>>> print(open('target_37.tsv').read())   # TSV, C-alpha atoms
chain	number	residue	atom	x	y	z
P	1	MET	CA	100.70	57.04	100.31
P	2	THR	CA	103.79	57.93	102.28
P	3	ALA	CA	103.95	61.37	103.87
P	4	ARG	CA	106.31	62.47	101.08
P	5	GLU	CA	104.01	61.20	98.31
P	6	ARG	CA	101.05	62.93	99.97
P	7	LEU	CA	102.74	66.31	100.22
P	8	LEU	CA	104.20	66.14	96.70
P	9	ALA	CA	100.77	65.26	95.31
P	10	ALA	CA	99.35	68.46	96.81
P	11	LEU	CA	102.23	70.49	95.37
P	12	SER	CA	101.43	68.96	91.96
P	13	HIS	CA	97.72	69.87	92.30
P	14	ARG	CA	96.56	66.29	92.71
P	15	GLU	CA	94.29	64.91	95.40
P	16	SER	CA	95.93	62.41	97.74
P	17	ASP	CA	94.71	59.62	99.99
P	18	ARG	CA	94.22	62.15	102.80
P	19	LEU	CA	94.84	65.81	103.56
P	20	PRO	CA	98.58	66.56	103.95
P	21	VAL	CA	99.36	68.34	107.21
P	22	ASP	CA	102.30	70.51	108.24
P	23	LEU	CA	103.46	71.45	111.72
P	24	GLY	CA	107.10	72.45	112.10
P	25	GLY	CA	108.19	71.80	108.53
P	26	THR	CA	109.19	75.45	108.19
P	27	SER	CA	109.98	78.31	110.55
P	28	THR	CA	106.60	79.95	109.75
P	29	THR	CA	104.35	76.87	110.07
P	30	THR	CA	105.22	75.75	113.56
P	31	ILE	CA	104.43	76.57	117.21
P	32	THR	CA	105.95	78.94	119.74
P	33	GLN	CA	107.79	77.71	122.80
P	34	LYS	CA	105.23	78.71	125.44
P	35	ALA	CA	102.32	77.16	123.53
P	36	TYR	CA	104.36	73.99	122.88
P	37	THR	CA	105.25	73.52	126.55
P	38	ALA	CA	101.57	73.82	127.50
P	39	LEU	CA	100.54	71.42	124.71
P	40	ARG	CA	103.00	68.72	125.79
P	41	SER	CA	101.74	68.95	129.36
P	42	HIS	CA	98.12	68.78	128.20
P	43	LEU	CA	98.87	65.65	126.14
P	44	GLY	CA	100.66	64.01	129.06
P	45	PHE	CA	104.02	63.98	127.25
P	46	PRO	CA	107.23	64.45	129.25
P	47	PRO	CA	108.92	67.86	129.27
P	48	VAL	CA	111.74	68.40	126.78
P	49	THR	CA	114.31	71.04	125.96
P	50	PRO	CA	112.74	72.82	122.96
P	51	ARG	CA	114.70	72.91	119.70
P	52	ILE	CA	114.68	76.54	118.59
P	53	LEU	CA	113.79	77.33	115.00
P	54	SER	CA	113.60	81.12	115.30
P	55	LEU	CA	115.00	82.99	118.27
P	56	THR	CA	113.24	86.16	117.15
P	57	ALA	CA	109.78	84.57	116.92
P	58	GLY	CA	110.23	82.19	119.86
P	59	SER	CA	109.28	79.26	117.60
P	60	ILE	CA	110.48	75.68	117.97
P	61	ARG	CA	110.69	72.42	116.05
P	62	PRO	CA	108.15	69.94	117.50
P	63	ASP	CA	109.41	66.56	118.67
P	64	ASP	CA	108.56	63.29	116.96
P	65	ASP	CA	106.07	62.19	119.64
P	66	VAL	CA	103.88	65.24	119.01
P	67	LEU	CA	104.23	64.99	115.22
P	68	GLU	CA	103.26	61.32	115.25
P	69	HIS	CA	100.37	61.95	117.64
P	70	PHE	CA	98.82	64.45	115.20
P	71	ARG	CA	99.87	62.47	112.08
P	72	VAL	CA	101.91	65.34	110.66
P	73	ASP	CA	103.37	64.74	107.19
P	74	SER	CA	106.05	67.44	107.01
P	75	ARG	CA	109.65	67.29	108.20
P	76	GLY	CA	112.15	70.12	107.93
P	77	VAL	CA	115.90	70.49	108.14
P	78	LYS	CA	117.48	73.74	109.27
P	79	PRO	CA	120.74	75.18	107.95
P	80	GLY	CA	123.30	76.30	110.50
P	81	ALA	CA	124.93	79.68	110.92
P	82	SER	CA	128.30	80.58	109.50
P	83	GLY	CA	131.07	78.67	111.24
P	84	GLY	CA	132.40	81.56	113.28
P	85	PHE	CA	129.06	83.02	114.42
P	86	LYS	CA	126.85	82.20	117.39
P	87	ALA	CA	124.09	84.50	118.63
P	88	SER	CA	124.31	85.06	122.37
P	89	ILE	CA	121.62	86.71	124.47
P	90	GLY	CA	122.77	89.49	126.76
P	91	LYS	CA	120.99	91.87	129.12
P	92	ASP	CA	120.52	95.61	128.80
P	93	GLY	CA	118.42	97.02	131.62
P	94	GLU	CA	114.90	95.62	131.29
P	95	TYR	CA	115.67	93.82	128.03
P	96	GLU	CA	117.29	90.68	126.72
P	97	THR	CA	119.26	91.55	123.58
P	98	TYR	CA	121.13	89.84	120.78
P	99	PHE	CA	122.81	90.74	117.49
P	100	ASP	CA	122.57	88.50	114.42
P	101	GLU	CA	125.28	87.83	111.85
P	102	TRP	CA	124.21	90.90	109.86
P	103	GLY	CA	124.82	93.16	112.87
P	104	ILE	CA	121.07	93.77	113.39
P	105	GLY	CA	120.16	94.16	117.07
P	106	SER	CA	116.94	92.81	118.61
P	107	ARG	CA	115.53	92.85	122.13
P	108	ARG	CA	112.58	91.69	124.23
P	109	PRO	CA	111.40	92.58	127.74
P	110	ILE	CA	112.90	90.23	130.32
P	111	ASP	CA	109.75	89.89	132.43
P	112	SER	CA	106.99	89.64	129.84
P	113	GLY	CA	108.52	89.43	126.37
P	114	LEU	CA	107.57	86.72	123.89
P	115	TYR	CA	109.34	88.03	120.78
P	116	PHE	CA	112.48	89.97	119.88
P	117	ASP	CA	111.92	93.27	118.08
P	118	GLN	CA	114.62	95.18	116.22
P	119	PHE	CA	116.15	98.13	118.03
P	120	PHE	CA	119.37	98.58	116.04
P	121	ASN	CA	119.64	98.81	112.25
P	122	PRO	CA	123.30	99.07	111.25
P	123	LEU	CA	122.82	101.05	108.02
P	124	LYS	CA	120.23	103.51	109.35
P	125	GLY	CA	121.29	107.08	108.57
P	126	LYS	CA	124.68	106.03	107.20
P	127	ASP	CA	126.38	107.58	104.17
P	128	GLU	CA	127.08	105.80	100.89
P	129	ALA	CA	130.71	105.01	101.72
P	130	PHE	CA	129.78	103.30	104.98
P	131	ILE	CA	126.94	101.37	103.31
P	132	ARG	CA	129.09	100.16	100.42
P	133	GLY	CA	131.86	99.07	102.80
P	134	TYR	CA	129.61	97.34	105.33
P	135	PRO	CA	130.48	93.62	105.65
P	136	PHE	CA	127.72	91.13	104.81
P	137	PRO	CA	127.82	87.53	106.08
P	138	ARG	CA	129.15	84.85	103.78
P	139	GLY	CA	126.34	82.83	102.24
P	140	ASP	CA	128.44	79.80	101.35
P	141	ASP	CA	130.12	79.34	104.71
P	142	PRO	CA	130.49	75.52	105.14
P	143	GLY	CA	129.15	75.74	108.69
P	144	ARG	CA	125.67	76.18	107.24
P	145	ILE	CA	125.50	72.64	105.84
P	146	VAL	CA	127.18	70.59	108.58
P	147	GLY	CA	125.17	67.38	109.13
P	148	LEU	CA	122.40	68.29	106.67
P	149	ARG	CA	122.97	65.44	104.23
P	150	GLU	CA	122.78	62.78	106.95
P	151	GLU	CA	119.56	64.28	108.30
P	152	CYS	CA	118.03	64.43	104.82
P	153	LEU	CA	118.90	60.78	104.17
P	154	ARG	CA	117.29	59.76	107.45
P	155	LEU	CA	114.04	61.56	106.63
P	156	ARG	CA	113.92	60.29	103.06
P	157	ALA	CA	114.43	56.69	104.27
P	158	ALA	CA	111.51	57.13	106.69
P	159	GLY	CA	109.18	58.24	103.87
P	160	TYR	CA	109.02	61.93	104.78
P	161	PRO	CA	109.37	64.92	102.47
P	162	VAL	CA	112.56	66.91	103.03
P	163	ILE	CA	111.97	70.64	103.46
P	164	LEU	CA	114.75	73.16	103.97
P	165	SER	CA	112.94	75.13	106.65
P	166	GLN	CA	114.60	78.50	106.09
P	167	SER	CA	117.10	80.41	103.98
P	168	ILE	CA	119.93	82.79	104.88
P	169	GLY	CA	118.59	86.02	106.33
P	170	THR	CA	115.19	87.26	105.20
P	171	GLY	CA	114.18	88.45	101.73
P	172	ILE	CA	115.25	91.25	99.42
P	173	LEU	CA	112.72	93.75	100.83
P	174	HIS	CA	112.91	92.81	104.47
P	175	GLY	CA	116.61	92.24	104.41
P	176	GLY	CA	116.78	95.90	103.41
P	177	THR	CA	114.33	97.11	106.07
P	178	ALA	CA	116.22	95.17	108.73
P	179	LEU	CA	119.51	96.80	107.73
P	180	PHE	CA	118.13	100.37	107.40
P	181	GLY	CA	114.97	100.37	109.50
P	182	PHE	CA	111.60	100.81	107.80
P	183	GLU	CA	111.47	104.60	107.55
P	184	ASP	CA	115.02	105.03	106.28
P	185	TYR	CA	114.70	102.13	103.83
P	186	PHE	CA	111.49	103.28	102.18
P	187	CYS	CA	112.67	106.89	101.92
P	188	ARG	CA	115.88	105.71	100.25
P	189	LEU	CA	113.90	103.32	98.03
P	190	LEU	CA	112.30	106.39	96.45
P	191	LEU	CA	115.09	108.95	96.76
P	192	GLU	CA	118.25	106.83	96.47
P	193	SER	CA	116.96	103.89	94.45
P	194	GLU	CA	120.35	103.05	92.88
P	195	LEU	CA	121.92	102.68	96.32
P	196	ILE	CA	119.07	100.44	97.48
P	197	ASP	CA	119.51	98.36	94.32
P	198	GLU	CA	123.19	97.91	95.22
P	199	VAL	CA	122.23	96.65	98.69
P	200	SER	CA	119.59	94.35	97.17
P	201	GLU	CA	122.22	92.98	94.79
P	202	ARG	CA	124.53	92.18	97.71
P	203	ILE	CA	121.68	90.45	99.57
P	204	LEU	CA	120.93	88.47	96.40
P	205	GLN	CA	124.56	87.46	95.88
P	206	GLY	CA	124.69	86.14	99.43
P	207	LYS	CA	121.58	84.09	98.79
P	208	LEU	CA	122.88	82.77	95.47
P	209	SER	CA	126.11	81.61	97.11
P	210	PHE	CA	124.08	80.00	99.91
P	211	TRP	CA	121.77	78.16	97.54
P	212	GLY	CA	124.62	77.12	95.27
P	213	MET	CA	126.37	75.43	98.19
P	214	VAL	CA	123.18	73.92	99.63
P	215	LEU	CA	121.97	72.52	96.32
P	216	ASP	CA	125.39	71.04	95.57
P	217	GLU	CA	125.32	69.30	98.96
P	218	ILE	CA	121.70	68.14	99.32
P	219	GLY	CA	119.80	69.28	96.23
P	220	ASP	CA	119.17	65.68	95.18
P	221	LEU	CA	117.43	65.00	98.52
P	222	LEU	CA	115.38	68.19	98.92
P	223	ASP	CA	111.72	68.33	97.95
P	224	VAL	CA	110.85	71.86	99.07
P	225	VAL	CA	112.91	74.97	99.77
P	226	THR	CA	111.69	78.09	101.53
P	227	GLU	CA	112.14	81.80	100.97
P	228	ALA	CA	110.37	84.58	102.88
P	229	ASP	CA	109.81	88.26	102.16
P	230	ASP	CA	106.74	89.98	103.60
P	231	LEU	CA	105.13	92.16	100.93
P	232	GLY	CA	101.89	92.99	102.71
P	233	THR	CA	100.50	94.63	105.81
P	234	GLN	CA	97.12	93.81	107.33
P	235	ARG	CA	95.39	96.46	105.19
P	236	GLY	CA	97.38	96.47	101.96
P	237	PRO	CA	100.82	96.13	100.40
P	238	PHE	CA	104.05	97.57	101.81
P	239	LEU	CA	104.75	99.23	98.46
P	240	GLY	CA	102.99	99.82	95.17
P	241	VAL	CA	102.97	97.14	92.49
P	242	GLU	CA	105.08	99.23	90.10
P	243	ASP	CA	107.70	99.91	92.78
P	244	TYR	CA	107.71	96.19	93.56
P	245	ARG	CA	108.23	95.35	89.88
P	246	ARG	CA	111.11	97.83	89.57
P	247	ARG	CA	112.90	97.38	92.89
P	248	ILE	CA	112.15	93.90	94.31
P	249	LYS	CA	110.77	91.50	91.68
P	250	PRO	CA	113.88	91.41	89.42
P	251	PHE	CA	116.02	90.20	92.31
P	252	GLN	CA	113.44	87.62	93.37
P	253	ALA	CA	113.13	86.41	89.78
P	254	ARG	CA	116.89	85.82	89.52
P	255	LEU	CA	116.89	83.99	92.86
P	256	PHE	CA	114.03	81.63	92.00
P	257	SER	CA	115.37	81.05	88.49
P	258	PHE	CA	118.74	80.06	89.95
P	259	ILE	CA	117.17	77.54	92.33
P	260	LYS	CA	115.03	76.01	89.57
P	261	SER	CA	117.94	75.84	87.14
P	262	ARG	CA	120.09	73.96	89.64
P	263	ALA	CA	117.32	71.64	90.88
P	264	PRO	CA	114.25	71.60	88.59
P	265	HIS	CA	112.45	69.05	90.76
P	266	ILE	CA	112.40	71.30	93.83
P	267	LYS	CA	109.27	73.22	94.80
P	268	ILE	CA	109.61	76.78	96.08
P	269	PHE	CA	107.62	77.64	99.22
P	270	TYR	CA	107.23	81.42	99.52
P	271	HIS	CA	106.18	83.09	102.75
P	272	SER	CA	104.62	86.53	102.90
P	273	CYS	CA	102.25	87.71	105.58
P	274	GLY	CA	99.56	90.29	104.98
P	275	SER	CA	97.58	91.36	101.95
P	276	VAL	CA	99.54	90.08	98.96
P	277	ILE	CA	96.62	89.77	96.55
P	278	ASP	CA	98.13	92.43	94.23
P	279	PHE	CA	101.40	90.51	93.88
P	280	ILE	CA	100.19	86.95	93.31
P	281	PRO	CA	100.30	87.05	89.46
P	282	ASP	CA	103.88	88.34	89.62
P	283	LEU	CA	104.91	85.68	92.14
P	284	ILE	CA	103.45	82.95	89.94
P	285	GLU	CA	105.28	84.41	86.94
P	286	ILE	CA	108.68	84.27	88.68
P	287	GLY	CA	108.27	80.69	89.79
P	288	ILE	CA	106.88	80.17	93.28
P	289	ASP	CA	104.96	76.92	93.77
P	290	ALA	CA	103.35	77.39	97.19
P	291	LEU	CA	102.11	80.50	99.02
P	292	ASN	CA	102.20	80.74	102.81
P	293	PRO	CA	100.71	81.66	105.31
P	294	VAL	CA	97.56	82.86	103.45
P	295	GLN	CA	96.59	85.44	106.08
P	296	LEU	CA	92.80	85.21	106.14
P	297	SER	CA	92.34	88.41	108.16
P	298	ALA	CA	94.25	90.62	105.69
P	299	LEU	CA	92.55	92.70	103.02
P	300	GLY	CA	91.48	90.71	99.96
P	301	MET	CA	92.77	87.33	101.16
P	302	ASP	CA	89.50	85.47	100.68
P	303	PRO	CA	89.99	81.70	100.31
P	304	ALA	CA	87.19	81.18	97.79
P	305	PHE	CA	88.54	83.94	95.52
P	306	LEU	CA	92.16	82.79	95.87
P	307	LYS	CA	91.28	79.17	95.14
P	308	ARG	CA	89.14	80.08	92.14
P	309	GLU	CA	91.56	82.57	90.59
P	310	TYR	CA	94.94	81.01	91.38
P	311	GLY	CA	94.34	77.42	92.46
P	312	ARG	CA	95.49	76.06	89.09
P	313	ASP	CA	98.90	77.69	89.45
P	314	LEU	CA	99.55	77.86	93.20
P	315	CYS	CA	99.50	75.40	96.04
P	316	PHE	CA	98.13	77.13	99.13
P	317	TRP	CA	100.11	76.16	102.25
P	318	GLY	CA	98.39	77.52	105.36
P	319	GLY	CA	95.17	79.44	105.87
P	320	GLY	CA	93.67	76.54	107.81
P	321	VAL	CA	92.55	78.56	110.81
P	322	ASP	CA	92.79	82.19	111.84
P	323	THR	CA	95.53	82.63	114.46
P	324	GLN	CA	94.75	86.25	115.39
P	325	ASP	CA	91.29	85.75	116.85
P	326	VAL	CA	89.69	82.32	116.50
P	327	LEU	CA	92.57	80.10	117.60
P	328	PRO	CA	93.64	82.05	120.70
P	329	HIS	CA	90.25	83.40	121.78
P	330	GLY	CA	87.62	80.98	120.48
P	331	THR	CA	86.22	77.88	122.14
P	332	PRO	CA	87.34	74.45	120.92
P	333	SER	CA	84.02	74.10	119.10
P	334	ALA	CA	84.55	77.47	117.40
P	335	VAL	CA	88.03	76.39	116.32
P	336	ARG	CA	86.66	73.16	114.92
P	337	ALA	CA	83.94	75.02	112.99
P	338	GLU	CA	86.49	77.48	111.57
P	339	VAL	CA	88.74	74.65	110.33
P	340	HIS	CA	85.74	72.91	108.73
P	341	ARG	CA	84.73	76.13	106.96
P	342	ARG	CA	88.21	76.74	105.58
P	343	LEU	CA	88.92	73.18	104.49
P	344	SER	CA	85.61	72.91	102.63
P	345	VAL	CA	87.06	75.55	100.28
P	346	TRP	CA	90.77	74.74	100.23
P	347	MET	CA	90.61	70.99	99.69
P	348	LYS	CA	88.64	70.90	96.43
P	349	GLY	CA	90.80	69.46	93.67
P	350	GLY	CA	93.99	69.20	95.70
P	351	GLY	CA	96.69	71.86	95.71
P	352	TYR	CA	96.42	72.45	99.44
P	353	ILE	CA	98.58	71.66	102.50
P	354	PHE	CA	97.08	72.28	105.91
P	355	SER	CA	98.75	74.62	108.33
P	356	THR	CA	97.61	77.43	110.57
P	357	VAL	CA	97.96	81.06	109.50
P	358	HIS	CA	101.58	81.48	110.61
P	359	ASN	CA	102.83	79.94	113.87
P	360	ILE	CA	100.64	78.84	116.78
P	361	GLN	CA	101.20	81.69	119.21
P	362	ALA	CA	101.88	81.76	122.94
P	363	ASP	CA	98.31	82.67	123.92
P	364	VAL	CA	96.68	79.66	122.23
P	365	PRO	CA	95.22	77.20	124.78
P	366	PRO	CA	96.30	73.58	124.26
P	367	GLU	CA	92.64	72.52	124.08
P	368	ASN	CA	92.31	74.62	120.93
P	369	VAL	CA	95.37	73.02	119.36
P	370	VAL	CA	93.85	69.59	119.99
P	371	ALA	CA	90.54	70.81	118.55
P	372	LEU	CA	92.11	72.05	115.33
P	373	PHE	CA	93.80	68.71	114.65
P	374	ALA	CA	90.59	66.89	115.53
P	375	ALA	CA	88.86	69.03	112.89
P	376	VAL	CA	91.59	68.14	110.38
P	377	ASP	CA	90.96	64.46	111.11
P	378	ASP	CA	87.31	64.99	110.17
P	379	PHE	CA	88.57	65.67	106.63
P	380	ARG	CA	91.01	62.77	106.56
>>> encode(input="target_37.tsv", output="C-alpha cells")
Amino acid sequence: MTARERLLAALSHRESDRLPVDLGGTSTTTITQKAYTALRSHLGFPPVTPRILSLTAGSIRPDDDVLEHFRVDSRGVKPGASGGFKASIGKDGEYETYFDEWGIGSRRPIDSGLYFDQFFNPLKGKDEAFIRGYPFPRGDDPGRIVGLREECLRLRAAGYPVILSQSIGTGILHGGTALFGFEDYFCRLLLESELIDEVSERILQGKLSFWGMVLDEIGDLLDVVTEADDLGTQRGPFLGVEDYRRRIKPFQARLFSFIKSRAPHIKIFYHSCGSVIDFIPDLIEIGIDALNPVQLSALGMDPAFLKREYGRDLCFWGGGVDTQDVLPHGTPSAVRAEVHRRLSVWMKGGGYIFSTVHNIQADVPPENVVALFAAVDDFR
C-alpha cells in the first residue's frame, strides 16, 4: 500500500498492510520545537530552521528526513493567514507578546516560556453594541490558499494522503472563550445566551466562507480536513450535555454538513482534548470520522471501552502513548511497554491511526521518541 492507501483504509475501518502512523500531519499530532531540535541532534541530522505550525503551542512541521526515518505516513498542508495580516512578536517587560488576527493577545515568559497563554480577550466585559460591531477576520481571504494546490499535487503524486492541518481560528466554543475569556464567556452562555449565539453564528459564517473557498480550490485533492474545539477538561466536560446540544452542537452540525455536502469523499478529523466521553454519540451523529487526541489520562477515556462502544463508527487518531507522564518521565523501556499495551487494543479490526496523545512536548527526551517509534515498528 501507499501511505495514502494505508491511512484511508484505517479511516474506512479496514486493516491495512501495516499500522498507519502520523507525525506532523496536523497541528495537534506533531512535536514541539525544543523536543524536535533535541531529536534531530540525537539522530545525527543537521540543524534546520523549524517550520512553525502553531506559534501558541510552539509546535513545528517535521522535515522529510525525520518523517522518512520513522516511516511516517501522514503529510499536511497549512493554510496561510489573511493577506494583510502577519503576527509579530513584541516584548512587554518579562514577556514576549503577540496579537492574532482576531485581536486576541497572548504572551510567554522570555526566559523560560514554552507556550503562549492568552492575556487579552477583546470582548471581555464589553457591551452588546461593542460586541456586535467588533470586526471578525475574513474567512475567504485569498491569502489563505496561496500555493496550496501546488503543494497538494506534489504530495498526491508522491503517494501521500493530503491533510489540511488546521482550520481558521479555533472552534465554536473555544473561539468564544478566546474572545471573551473563560469566565465571561460561560457566564454569558447562561445569562445572555442569545448574544453568545450571535457570536457563534459569526464564527460559523467565517468558517463556512473559509471552507467554501478552500474546497473550491483544493477539495478534489484533500483526503482529510481538521477542526478543533476542546469540549473536555481532565476531569469532565466543559459544559453539560444539554447546554452543548443547545448552544454548540447546532453550529458544529451545520459546519460539518457543509463540508460533507461540498466534498463527500473528505474525512473530518475532530480534535478535542480532555474527557469527551459524554459527547461522542453526538459527534458521530453530526458527522465526524476521526477523534483526536484520545486523552488517555482524562476521566472515562479508556481505550478498551472506546474501541468496543464506538470503534464501528469512529476512527481513533491518537492515544498511542500518554504524553503527560509516561513519555516525558518514563524510561525508554517503559515507553515501549506503554505503546505495546495501547496498540494491542487500538489495532484490532482497523480504524486506528497511530499518534501520541497530542504533541510531543518540550520535556520529552529524544531517547523516548526513538523508543516509541521502535515500539510502533514492533506492530508493523
>>> axis_aligned_box(input="target_37.tsv", around="range 179-187 of chain P", padding_each_side="5 Å", output="lines of an AutoDock Vina configuration file")
center_x = 115.5
center_y = 101.8
center_z = 105.7
size_x = 18.0
size_y = 20.1
size_z = 17.6
>>> residues_around(input="target_37.tsv", residues="Ser165 in chain P", least_positions_apart="3", cutoff="7 Å", atoms="all atoms listed in the file", output="list in words")
Gly25, Thr26, Ser27, Gly76, Val77, Lys78, Val225 and Thr226 of chain P
>>> residues_around(input="target_37.tsv", residues="Pro328 in chain P", least_positions_apart="5", cutoff="10 Å", atoms="all atoms listed in the file", output="mmCIF file with C-alpha atoms, in the coordinates of the input")
data_model
loop_
_atom_site.group_PDB
_atom_site.id
_atom_site.type_symbol
_atom_site.label_atom_id
_atom_site.label_comp_id
_atom_site.auth_asym_id
_atom_site.auth_seq_id
_atom_site.Cartn_x
_atom_site.Cartn_y
_atom_site.Cartn_z
ATOM 1 C CA ASP P 322 92.790 82.190 111.840
ATOM 2 C CA THR P 323 95.530 82.630 114.460
ATOM 3 C CA VAL P 335 88.030 76.390 116.320
ATOM 4 C CA ILE P 360 100.640 78.840 116.780
ATOM 5 C CA GLN P 361 101.200 81.690 119.210
ATOM 6 C CA ALA P 362 101.880 81.760 122.940
ATOM 7 C CA ASP P 363 98.310 82.670 123.920
ATOM 8 C CA VAL P 364 96.680 79.660 122.230
ATOM 9 C CA PRO P 365 95.220 77.200 124.780
ATOM 10 C CA PRO P 366 96.300 73.580 124.260
ATOM 11 C CA ASN P 368 92.310 74.620 120.930
ATOM 12 C CA VAL P 369 95.370 73.020 119.360
#
>>> closest_residue(input="target_37.tsv", among="P:Asp111, P:Asp184, P:Asp117, P:Asp216", to="Ile145 in chain P", atoms="all atoms listed in the file")
P:Asp216
>>> closest_atom_pairs(input="target_37.tsv", of="range 270-379 of chain P", to="range 174-180 of chain P", cutoff="12 Å", atoms="all atoms listed in the file", output="JSON lines")
{"residue": "P:His271", "atom": "CA", "partner": "P:His174", "partner_atom": "CA", "distance": 11.9}
{"residue": "P:Ser272", "atom": "CA", "partner": "P:His174", "partner_atom": "CA", "distance": 10.5}
{"residue": "P:Cys273", "atom": "CA", "partner": "P:His174", "partner_atom": "CA", "distance": 11.9}
>>> residues_around(input="target_37.tsv", residues="Gly133 in chain P", least_positions_apart="5", cutoff="12 Å", atoms="only C-alpha atoms", output="list in words")
Leu123, Lys126, Asp127, Glu128, Glu198, Val199 and Arg202 of chain P
>>> residues_around(input="target_37.tsv", residues="Gly171 in chain P", least_positions_apart="5", cutoff="9 Å", atoms="all atoms listed in the file", output="PyMOL selection string")
chain P and resi 176+203-204+227-230+252
>>> residues_around(input="target_37.tsv", residues="range 266-270 of chain P", least_positions_apart="4", cutoff="10 Å", atoms="all atoms listed in the file", output="PyMOL selection string")
chain P and resi 8+11-12+26+163-166+215+219-230+256+259-262+283+287-293+315-317
>>> closest_residue(input="target_37.tsv", among="P:Val345, P:Tyr115, P:Val294, P:Gly351", to="Tyr98 in chain P", atoms="all atoms listed in the file")
P:Tyr115
>>> closest_residue(input="target_37.tsv", among="P:Ile168, P:Ile277, P:Ala298, P:Ala304", to="Ser82 in chain P", atoms="all atoms listed in the file")
P:Ile168
>>> closest_residue(input="target_37.tsv", among="P:Leu255, P:Ile218, P:Val321, P:Asp278", to="Leu153 in chain P", atoms="only C-alpha atoms")
P:Ile218
>>> closest_residue(input="target_37.tsv", among="P:Arg108, P:His340, P:Arg61, P:Arg18", to="Thr32 in chain P", atoms="all atoms listed in the file")
P:Arg61
>>> closest_residue(input="target_37.tsv", among="P:Ser106, P:Thr2, P:Thr233, P:Ser257", to="Arg71 in chain P", atoms="all atoms listed in the file")
P:Thr2
>>> residues_near_point(input="target_37.tsv", point="(99.2, 61.1, 102.6)", cutoff="7 Å", atoms="all atoms listed in the file", output="list in words")
Met1, Thr2, Ala3, Glu5, Arg6, Leu7, Ser16, Asp17, Arg18, Leu19 and Pro20 of chain P
>>> atom_distance(input="target_37.tsv", atom1="CA of Phe238 in chain P", atom2="CA of Asp302 in chain P")
19.0 Å
>>> atom_distance(input="target_37.tsv", atom1="CA of Ala57 in chain P", atom2="CA of Arg107 in chain P")
11.3 Å
